[in-house]
Amino acid sequence: MSQAGTAIQLTPAQQEAVEHFSGPMLVLAGPGSGKTRVVTQRIARLIEKGVRPWNILAITFTNKAASEMSDRLKNLSESRNLWVSTFHRFCAHVLRQRSDVIGLQQNFTILDTADQKQAIKHVLHELDFDAAHYPPNKILACISNAKNDLCTADAFVKQFEESVADHFTAVVARVYPAYQKFLLESNAVDFDDLLLHTVHLFEQHEEIRASYDDRYQYVLVDEYQDTNEAQYRIVRALAQNSRNLSVTGDPDQSIYGWRGAKIANILRFEQDYPETKVIKLEQNFRSTKMILAAADSLISNNTYRKAKELTTDNPEGEPVELLRFPDSPNEADSIARHIRQMVDSGKRKWSDIAIFYRVNSLSRLLELAMVRHRVPYQIAAGVAFYQRAEVRLLLAYLDLINNPQNRSAFLRAVNKPLRGIGKTSQQRLTNWAESNGLSYIEAALQADKIPKMPKRAGISLKMFAKMMQDFSLADSGSVAQLLRDVIDKTGFTRQWDATKSEQDAQHLANVEELVAAAQHYDEMMEDETTLEGFLETTSLVSDLDSLENETDSKGKVTLMTLHAAKGLEFPVVYIVGLEQNLLPHERVLQEVSLRDYEEERRLLFVGMTRAEEQLYLTVSDYREMHGRSMPTILSDFLSEIDLVQTDGTTLTQGLPDTAYSSTLKEDVISEDDLQAVRQAISRKDRPQLTTAASLLKGKPKTAELPFNFPIGSSVRHPRYGLGTVTNAGGFGHRRTITVDFDEQNRTETFIVSKCPLQLVGR
DNA sequence: TCGCGACTTCAGGTT
DNA sequence: GAAGTCGCGA
């Protein structure tokens, strides 16, 4: 934070918040007002005043926020035994302690989104609904919304029976209970259940609630404006007796309404806790006057808000610029060049710069441009690693060992590697298992009793089940060793040969990396290492957790969605695509809901207020949407902001870089290359998989992007000029390419990782 | 039972 | 542009 490093003087309002001791407190903190600093200093003060660290609970929404706070606390005071957690981790912890009460076992599985989808499909199939006609994602969204509002399956069905509902709701009313049954029988929960079960645990078992209330005398909740009903009730349950609840947030930064967040929670806090002390932090230490004024004039168009006065003593700064481009490839390319020039000229370092966008699909062209211009970047897509087929599969094996009732894991693992157990055999098994009340593993052990089961499939099933039963953490000794045993026994890696293809090498490297992650977990937990603990760290990581926050090294440019940007700050910010249907998003334009429309405005507000010194908004006259180039309309929000307009194509005029040519239709870099780049980046730099607290502690490294120069592509050398790649050799750091320089009639061989070559669009 | 290619349909943000 | 579905041939 800009303020944290040097000027230590607290404003009177900050001081008051830091010194607040007991009773409820609401801190309304505008962007850049030093909120995190206030929270951490207050915790330090609490401890100084004699509060014991284990009586304090600090809750955030993301792992990143949690680990950042932990890190800061480390500098401030003796903070061991102090728990900084996300809502979901906190709930997982509570539920493991009291799993018996809610009908689960302690080793329950946390399903991720892909598992959930698979489960829904399975249920749809069982109920004889056509998955094509009832999209699993829509059903899932509907169930999730219900859960966020604490509407259980029973309640949903009852509500449905008592009201006039549409056909789709009727289907959900059938699917929801069946889905819950599937989860329960799998000894599993989904993300929403973590919250929902915890609410029920607290509200239906007073003695349990009271014990946690008593344990956590001081509860602090960050980003309170983003709490949904379930989270609201959890917080309430924890502060019922102790009442030392302090929440921080900013209604203007509420951007998770679609996830069930209720902005009303923060607006009504004073009614919920009448003795509340309210503190407003309105002085901004982050942005220039120009940027703050622009953001303020935007947000003042919202009607559903508490007016706030944002002020700053920072310099005037430069005006917010609107950059206009003819099309999206041009936009991406110009931004990349602009960034490169800022860094090359020594004005900025890579990590000073961030690019935000409304939808993930916009990152594609930007990434390609970054690669083309050799701009090192990081993108919030760290979990992509856990989504890779081979990693998911191995995790399914571990999951099944940990929780033999887990149906999703069984179905995923049973025929991979191939064991000749096809769809129909699986169907017969699951039907039989369910009608006999057995887990799939138990049923597989008696596969010969299943009617119509082919002999070969039956034998395979038995062998598979026996093999799974023979695995145990106790026998292997550590999660990493167990993983290796699984790989050995299943012949998991036999299908790949690193020397045969690049893809195979990637698969093998991913497997290696998962083993390394497990080993890291083992080492960190020592004797306490558990399978469900490891699996929990893999299912509760988020995209954001892969990002580094480096300030010392030159670092990387950060690409992320506007949603992910909350809580961060950068000297230079680009917000891409200020166009109708994109920002505001088309979905809120179709409906006539003012609430949703205003959330889009808040989203832009959040993005703009991340910027410290320079803020660029961009539009393209044509943008690729759904694989097609479409003319665009300027975002209505632009008329609410004071800015200067610039022709974006002139951004880097008169400067030496000439890699760009206006017809970038054929990208020299293919989608596969981009995947490889992403993988290579993430493998090198992703922090080791750990618990929240130790995330992001890896030393900052600057990754040299692996550049691909396909044979036949055009390149530019600063001295030799234009040339064509004619040959390639070697691997990794020693990869070389040979280039013919037509103009000078010479041929040179370069080491790719060191050469000053640049790809040129054709 | 399995892999491949052709085809359709779909694309918001996150724990 | 990508992912999922379907039908075919081996």
# chains A, B, ... in the order shown; residues from 1 in each chain; ligands from 1

call {"tool": "interface_residues", "arguments": {"of": "chain A", "to": "chain C", "cutoff": "12 Å", "atoms": "only C-alpha atoms (C1' of nucleotides)", "output": "list in words"}}
result
Ala131, Ala132, Pro135, Ser361, Leu362, Arg364, Leu365, Glu624, Met625, His626, Gly627, Arg628 and Glu671 of chain A

call {"tool": "write_last_selection", "arguments": {"atoms": "C-alpha atoms", "output": "mmCIF file, in the first residue's frame"}}
result
data_model
loop_
_atom_site.group_PDB
_atom_site.id
_atom_site.type_symbol
_atom_site.label_atom_id
_atom_site.label_comp_id
_atom_site.auth_asym_id
_atom_site.auth_seq_id
_atom_site.Cartn_x
_atom_site.Cartn_y
_atom_site.Cartn_z
ATOM 1 C CA ALA A 131 -29.378 -33.021 -19.653
ATOM 2 C CA ALA A 132 -29.489 -31.307 -23.024
ATOM 3 C CA PRO A 135 -28.603 -27.421 -18.666
ATOM 4 C CA SER A 361 -12.599 -14.166 -22.792
ATOM 5 C CA LEU A 362 -11.022 -10.768 -23.361
ATOM 6 C CA ARG A 364 -6.944 -14.060 -24.960
ATOM 7 C CA LEU A 365 -5.897 -11.359 -27.360
ATOM 8 C CA GLU A 624 -14.461 -10.127 -31.584
ATOM 9 C CA MET A 625 -17.463 -11.653 -29.896
ATOM 10 C CA HIS A 626 -18.468 -15.279 -30.247
ATOM 11 C CA GLY A 627 -15.714 -15.697 -32.783
ATOM 12 C CA ARG A 628 -17.056 -12.867 -34.921
ATOM 13 C CA GLU A 671 -3.595 -21.328 -29.285
#

call {"tool": "residues_around", "arguments": {"residues": "Arg215 of chain A", "least_positions_apart": "6", "cutoff": "12 Å", "atoms": "only C-alpha atoms (C1' of nucleotides)", "output": "list of chain:residue names"}}
result
A:Val51, A:Arg52, A:Pro53, A:Trp54, A:Asn55, A:Ile56, A:Leu57, A:Leu82, A:Trp83, A:Ile208, A:Arg209, A:Leu238, A:Ala239, A:Asn241, A:Ser242

call {"tool": "interface_residues", "arguments": {"of": "chain A", "to": "chain B", "cutoff": "9 Å", "atoms": "only C-alpha atoms (C1' of nucleotides)", "output": "PyMOL selection string"}}
result
chain A and resi 61-62+86-88+191-192+255-256+258-259+358-361+420-423+540-543+561-564+585+587+626

call {"tool": "select_by_dssp", "arguments": {"residues": "segment 242-286 of chain A", "states": "strand (DSSP E)", "output": "PyMOL selection string"}}
result
chain A and resi 244-249+277-281+283-284

call {"tool": "write_last_selection", "arguments": {"atoms": "N, CA and C atoms", "output": "tab-separated table (two decimals), in the first residue's frame"}}
result
chain	number	residue	atom	x	y	z
A	244	ASN	N	-18.28	-8.45	20.28
A	244	ASN	CA	-17.13	-7.65	19.86
A	244	ASN	C	-16.87	-7.88	18.37
A	245	LEU	N	-17.86	-7.49	17.62
A	245	LEU	CA	-17.81	-7.75	16.18
A	245	LEU	C	-17.45	-6.46	15.46
A	246	SER	N	-16.41	-6.53	14.66
A	246	SER	CA	-16.13	-5.35	13.86
A	246	SER	C	-16.08	-5.73	12.40
A	247	VAL	N	-16.79	-4.99	11.60
A	247	VAL	CA	-16.84	-5.30	10.17
A	247	VAL	C	-16.36	-4.09	9.39
A	248	THR	N	-15.69	-4.39	8.29
A	248	THR	CA	-15.24	-3.31	7.42
A	248	THR	C	-15.77	-3.56	6.02
A	249	GLY	N	-16.02	-2.49	5.32
A	249	GLY	CA	-16.51	-2.67	3.96
A	249	GLY	C	-16.89	-1.35	3.34
A	277	LYS	N	-20.42	1.46	16.98
A	277	LYS	CA	-19.64	2.65	16.67
A	277	LYS	C	-19.37	2.66	15.16
A	278	VAL	N	-19.72	3.76	14.51
A	278	VAL	CA	-19.54	3.85	13.05
A	278	VAL	C	-18.37	4.78	12.74
A	279	ILE	N	-17.47	4.29	11.94
A	279	ILE	CA	-16.34	5.13	11.55
A	279	ILE	C	-16.24	5.17	10.04
A	280	LYS	N	-16.11	6.38	9.50
A	280	LYS	CA	-15.98	6.50	8.06
A	280	LYS	C	-14.54	6.87	7.71
A	281	LEU	N	-13.97	6.09	6.84
A	281	LEU	CA	-12.64	6.43	6.34
A	281	LEU	C	-12.82	6.96	4.93
A	283	GLN	N	-10.67	9.50	3.52
A	283	GLN	CA	-9.49	10.05	2.87
A	283	GLN	C	-8.77	8.96	2.09
A	284	ASN	N	-8.51	9.26	0.84
A	284	ASN	CA	-7.87	8.29	-0.04
A	284	ASN	C	-6.37	8.58	-0.12

call {"tool": "residues_around", "arguments": {"residues": "Glu185 of chain A", "least_positions_apart": "6", "cutoff": "12 Å", "atoms": "only C-alpha atoms (C1' of nucleotides)", "output": "ChimeraX atom specification"}}
result
/A:103-105,108-109,119,178-179,403-408,433-434,437-440

call {"tool": "write_last_selection", "arguments": {"atoms": "N, CA and C atoms", "output": "PDB file, in the first residue's frame"}}
result
ATOM      1  N   GLY A 103     -24.691 -35.306  10.012  1.00  0.00           N
ATOM      2  CA  GLY A 103     -24.846 -36.519   9.226  1.00  0.00           C
ATOM      3  C   GLY A 103     -23.729 -36.791   8.241  1.00  0.00           C
ATOM      4  N   LEU A 104     -22.581 -36.190   8.466  1.00  0.00           N
ATOM      5  CA  LEU A 104     -21.430 -36.476   7.624  1.00  0.00           C
ATOM      6  C   LEU A 104     -20.365 -37.180   8.455  1.00  0.00           C
ATOM      7  N   GLN A 105     -19.370 -37.705   7.752  1.00  0.00           N
ATOM      8  CA  GLN A 105     -18.216 -38.199   8.471  1.00  0.00           C
ATOM      9  C   GLN A 105     -17.110 -37.157   8.381  1.00  0.00           C
ATOM     10  N   PHE A 108     -15.238 -35.957   5.085  1.00  0.00           N
ATOM     11  CA  PHE A 108     -16.083 -35.615   3.939  1.00  0.00           C
ATOM     12  C   PHE A 108     -15.298 -34.886   2.837  1.00  0.00           C
ATOM     13  N   THR A 109     -15.813 -35.027   1.642  1.00  0.00           N
ATOM     14  CA  THR A 109     -15.184 -34.445   0.455  1.00  0.00           C
ATOM     15  C   THR A 109     -15.840 -33.106   0.112  1.00  0.00           C
ATOM     16  N   ALA A 119     -22.193 -34.479 -10.783  1.00  0.00           N
ATOM     17  CA  ALA A 119     -23.207 -35.009  -9.882  1.00  0.00           C
ATOM     18  C   ALA A 119     -24.608 -34.678 -10.389  1.00  0.00           C
ATOM     19  N   ALA A 178     -32.712 -34.759  -4.862  1.00  0.00           N
ATOM     20  CA  ALA A 178     -31.953 -35.930  -5.310  1.00  0.00           C
ATOM     21  C   ALA A 178     -30.452 -35.645  -5.279  1.00  0.00           C
ATOM     22  N   TYR A 179     -30.120 -34.415  -5.633  1.00  0.00           N
ATOM     23  CA  TYR A 179     -28.710 -33.984  -5.603  1.00  0.00           C
ATOM     24  C   TYR A 179     -28.196 -34.011  -4.163  1.00  0.00           C
ATOM     25  N   ASN A 403     -12.232 -41.105   1.104  1.00  0.00           N
ATOM     26  CA  ASN A 403     -13.668 -41.181   1.341  1.00  0.00           C
ATOM     27  C   ASN A 403     -14.276 -42.177   0.369  1.00  0.00           C
ATOM     28  N   PRO A 404     -14.276 -43.459   0.734  1.00  0.00           N
ATOM     29  CA  PRO A 404     -14.709 -44.518  -0.179  1.00  0.00           C
ATOM     30  C   PRO A 404     -16.162 -44.375  -0.630  1.00  0.00           C
ATOM     31  N   GLN A 405     -16.919 -43.533   0.059  1.00  0.00           N
ATOM     32  CA  GLN A 405     -18.303 -43.344  -0.347  1.00  0.00           C
ATOM     33  C   GLN A 405     -18.446 -42.357  -1.495  1.00  0.00           C
ATOM     34  N   ASN A 406     -17.356 -41.684  -1.792  1.00  0.00           N
ATOM     35  CA  ASN A 406     -17.416 -40.610  -2.785  1.00  0.00           C
ATOM     36  C   ASN A 406     -17.748 -41.148  -4.174  1.00  0.00           C
ATOM     37  N   ARG A 407     -18.965 -40.867  -4.606  1.00  0.00           N
ATOM     38  CA  ARG A 407     -19.431 -41.417  -5.878  1.00  0.00           C
ATOM     39  C   ARG A 407     -18.799 -40.725  -7.079  1.00  0.00           C
ATOM     40  N   SER A 408     -18.689 -39.410  -7.003  1.00  0.00           N
ATOM     41  CA  SER A 408     -18.095 -38.689  -8.144  1.00  0.00           C
ATOM     42  C   SER A 408     -16.694 -39.192  -8.411  1.00  0.00           C
ATOM     43  N   ALA A 433     -25.953 -50.772  -6.902  1.00  0.00           N
ATOM     44  CA  ALA A 433     -25.442 -50.238  -5.640  1.00  0.00           C
ATOM     45  C   ALA A 433     -26.511 -49.404  -4.940  1.00  0.00           C
ATOM     46  N   GLU A 434     -27.175 -48.570  -5.721  1.00  0.00           N
ATOM     47  CA  GLU A 434     -28.147 -47.682  -5.103  1.00  0.00           C
ATOM     48  C   GLU A 434     -29.371 -48.440  -4.604  1.00  0.00           C
ATOM     49  N   GLY A 437     -28.337 -50.091  -1.397  1.00  0.00           N
ATOM     50  CA  GLY A 437     -27.813 -49.226  -0.345  1.00  0.00           C
ATOM     51  C   GLY A 437     -26.332 -49.416  -0.076  1.00  0.00           C
ATOM     52  N   LEU A 438     -25.571 -49.695  -1.127  1.00  0.00           N
ATOM     53  CA  LEU A 438     -24.133 -49.888  -0.959  1.00  0.00           C
ATOM     54  C   LEU A 438     -23.364 -48.735  -1.581  1.00  0.00           C
ATOM     55  N   SER A 439     -22.143 -48.538  -1.114  1.00  0.00           N
ATOM     56  CA  SER A 439     -21.282 -47.604  -1.821  1.00  0.00           C
ATOM     57  C   SER A 439     -20.828 -48.282  -3.109  1.00  0.00           C
ATOM     58  N   TYR A 440     -20.360 -47.490  -4.053  1.00  0.00           N
ATOM     59  CA  TYR A 440     -19.958 -48.073  -5.335  1.00  0.00           C
ATOM     60  C   TYR A 440     -18.809 -49.065  -5.153  1.00  0.00           C
TER      61      TYR A 440
END

call {"tool": "atom_distance", "arguments": {"atom1": "atom CA of Val557 of chain A", "atom2": "atom CA of Ser334 of chain A"}}
result
14.8 Å

call {"tool": "decode", "arguments": {"residues": "chain B", "atoms": "N, CA and C atoms (P, O5', C5', C4', C3', O3' and C1' of nucleotides)", "output": "CSV table (one decimal), in the first residue's frame"}}
result
chain,number,residue,atom,x,y,z
B,1,DT,P,-19.5,-52.3,-22.6
B,1,DT,O5',-18.1,-51.9,-23.1
B,1,DT,C5',-16.9,-52.6,-22.7
B,1,DT,C4',-15.8,-52.0,-23.5
B,1,DT,C3',-15.5,-50.5,-23.3
B,1,DT,O3',-14.2,-50.3,-23.0
B,1,DT,C1',-15.7,-50.9,-25.6
B,2,DC,P,-13.7,-49.0,-22.5
B,2,DC,O5',-13.1,-48.3,-23.8
B,2,DC,C5',-12.1,-49.0,-24.6
B,2,DC,C4',-11.8,-48.2,-25.8
B,2,DC,C3',-11.7,-46.7,-25.6
B,2,DC,O3',-10.4,-46.3,-26.2
B,2,DC,C1',-13.1,-47.1,-27.4
B,3,DG,P,-9.8,-44.9,-25.8
B,3,DG,O5',-9.6,-44.3,-27.2
B,3,DG,C5',-9.0,-45.0,-28.2
B,3,DG,C4',-9.3,-44.4,-29.6
B,3,DG,C3',-9.1,-42.9,-29.6
B,3,DG,O3',-8.4,-42.5,-30.8
B,3,DG,C1',-11.3,-43.4,-30.3
B,4,DC,P,-7.8,-41.1,-31.0
B,4,DC,O5',-8.6,-40.6,-32.2
B,4,DC,C5',-8.8,-41.5,-33.4
B,4,DC,C4',-9.9,-40.9,-34.2
B,4,DC,C3',-9.9,-39.4,-34.4
B,4,DC,O3',-9.6,-39.1,-35.7
B,4,DC,C1',-12.1,-40.2,-33.8
B,5,DG,P,-9.3,-37.6,-36.1
B,5,DG,O5',-10.7,-37.2,-36.7
B,5,DG,C5',-11.3,-38.0,-37.7
B,5,DG,C4',-12.7,-37.5,-37.9
B,5,DG,C3',-12.8,-36.0,-38.2
B,5,DG,O3',-13.7,-35.8,-39.2
B,5,DG,C1',-14.2,-36.6,-36.4
B,6,DA,P,-13.9,-34.4,-39.9
B,6,DA,O5',-15.5,-34.1,-39.6
B,6,DA,C5',-16.4,-35.1,-40.0
B,6,DA,C4',-17.8,-34.8,-39.5
B,6,DA,C3',-18.2,-33.3,-39.7
B,6,DA,O3',-19.5,-33.2,-40.2
B,6,DA,C1',-18.2,-33.9,-37.4
B,7,DC,P,-20.1,-31.9,-40.6
B,7,DC,O5',-21.0,-31.5,-39.3
B,7,DC,C5',-22.0,-32.4,-38.8
B,7,DC,C4',-22.4,-32.0,-37.4
B,7,DC,C3',-22.7,-30.5,-37.3
B,7,DC,O3',-24.1,-30.2,-37.5
B,7,DC,C1',-21.5,-31.4,-35.4
B,8,DT,P,-24.5,-28.7,-37.4
B,8,DT,O5',-24.9,-28.5,-35.9
B,8,DT,C5',-25.6,-29.5,-35.2
B,8,DT,C4',-25.6,-29.2,-33.7
B,8,DT,C3',-26.2,-27.8,-33.4
B,8,DT,O3',-27.2,-27.9,-32.5
B,8,DT,C1',-24.0,-28.1,-32.4
B,9,DT,P,-28.1,-26.6,-32.2
B,9,DT,O5',-27.5,-26.0,-30.8
B,9,DT,C5',-27.2,-26.9,-29.8
B,9,DT,C4',-26.2,-26.2,-28.8
B,9,DT,C3',-26.7,-24.8,-28.5
B,9,DT,O3',-26.8,-24.6,-27.1
B,9,DT,C1',-24.4,-24.9,-29.0
B,10,DC,P,-27.6,-23.4,-26.5
B,10,DC,O5',-26.5,-22.9,-25.5
B,10,DC,C5',-25.5,-23.7,-24.9
B,10,DC,C4',-24.3,-23.0,-24.7
B,10,DC,C3',-24.5,-21.5,-24.4
B,10,DC,O3',-24.0,-21.2,-23.1
B,10,DC,C1',-22.8,-21.7,-26.0
B,11,DA,P,-24.5,-19.9,-22.3
B,11,DA,O5',-23.1,-19.1,-22.1
B,11,DA,C5',-22.0,-19.8,-21.7
B,11,DA,C4',-20.8,-18.9,-21.9
B,11,DA,C3',-21.2,-17.4,-21.9
B,11,DA,O3',-20.9,-16.9,-20.6
B,11,DA,C1',-19.8,-17.9,-23.8
B,12,DG,P,-22.0,-16.0,-19.9
B,12,DG,O5',-21.0,-15.2,-19.1
B,12,DG,C5',-20.2,-14.2,-19.6
B,12,DG,C4',-19.4,-13.6,-18.6
B,12,DG,C3',-18.7,-14.6,-17.7
B,12,DG,O3',-17.5,-14.1,-17.3
B,12,DG,C1',-20.3,-13.5,-16.4
B,13,DG,P,-16.3,-14.9,-16.7
B,13,DG,O5',-16.3,-14.3,-15.2
B,13,DG,C5',-15.8,-13.0,-15.0
B,13,DG,C4',-16.2,-12.5,-13.6
B,13,DG,C3',-15.9,-13.6,-12.6
B,13,DG,O3',-14.6,-13.3,-12.0
B,13,DG,C1',-18.1,-12.7,-12.3
B,14,DT,P,-13.8,-14.6,-11.5
B,14,DT,O5',-14.4,-14.9,-10.1
B,14,DT,C5',-14.4,-14.0,-9.1
B,14,DT,C4',-14.6,-14.7,-7.7
B,14,DT,C3',-13.7,-15.9,-7.5
B,14,DT,O3',-13.4,-15.9,-6.1
B,14,DT,C1',-15.9,-16.7,-7.5
B,15,DT,P,-12.2,-16.8,-5.6
B,15,DT,O5',-12.9,-17.7,-4.5
B,15,DT,C5',-13.3,-17.1,-3.3
B,15,DT,C4',-14.1,-18.0,-2.4
B,15,DT,C3',-13.3,-19.3,-2.1
B,15,DT,O3',-13.5,-19.6,-0.7
B,15,DT,C1',-15.5,-19.8,-3.1
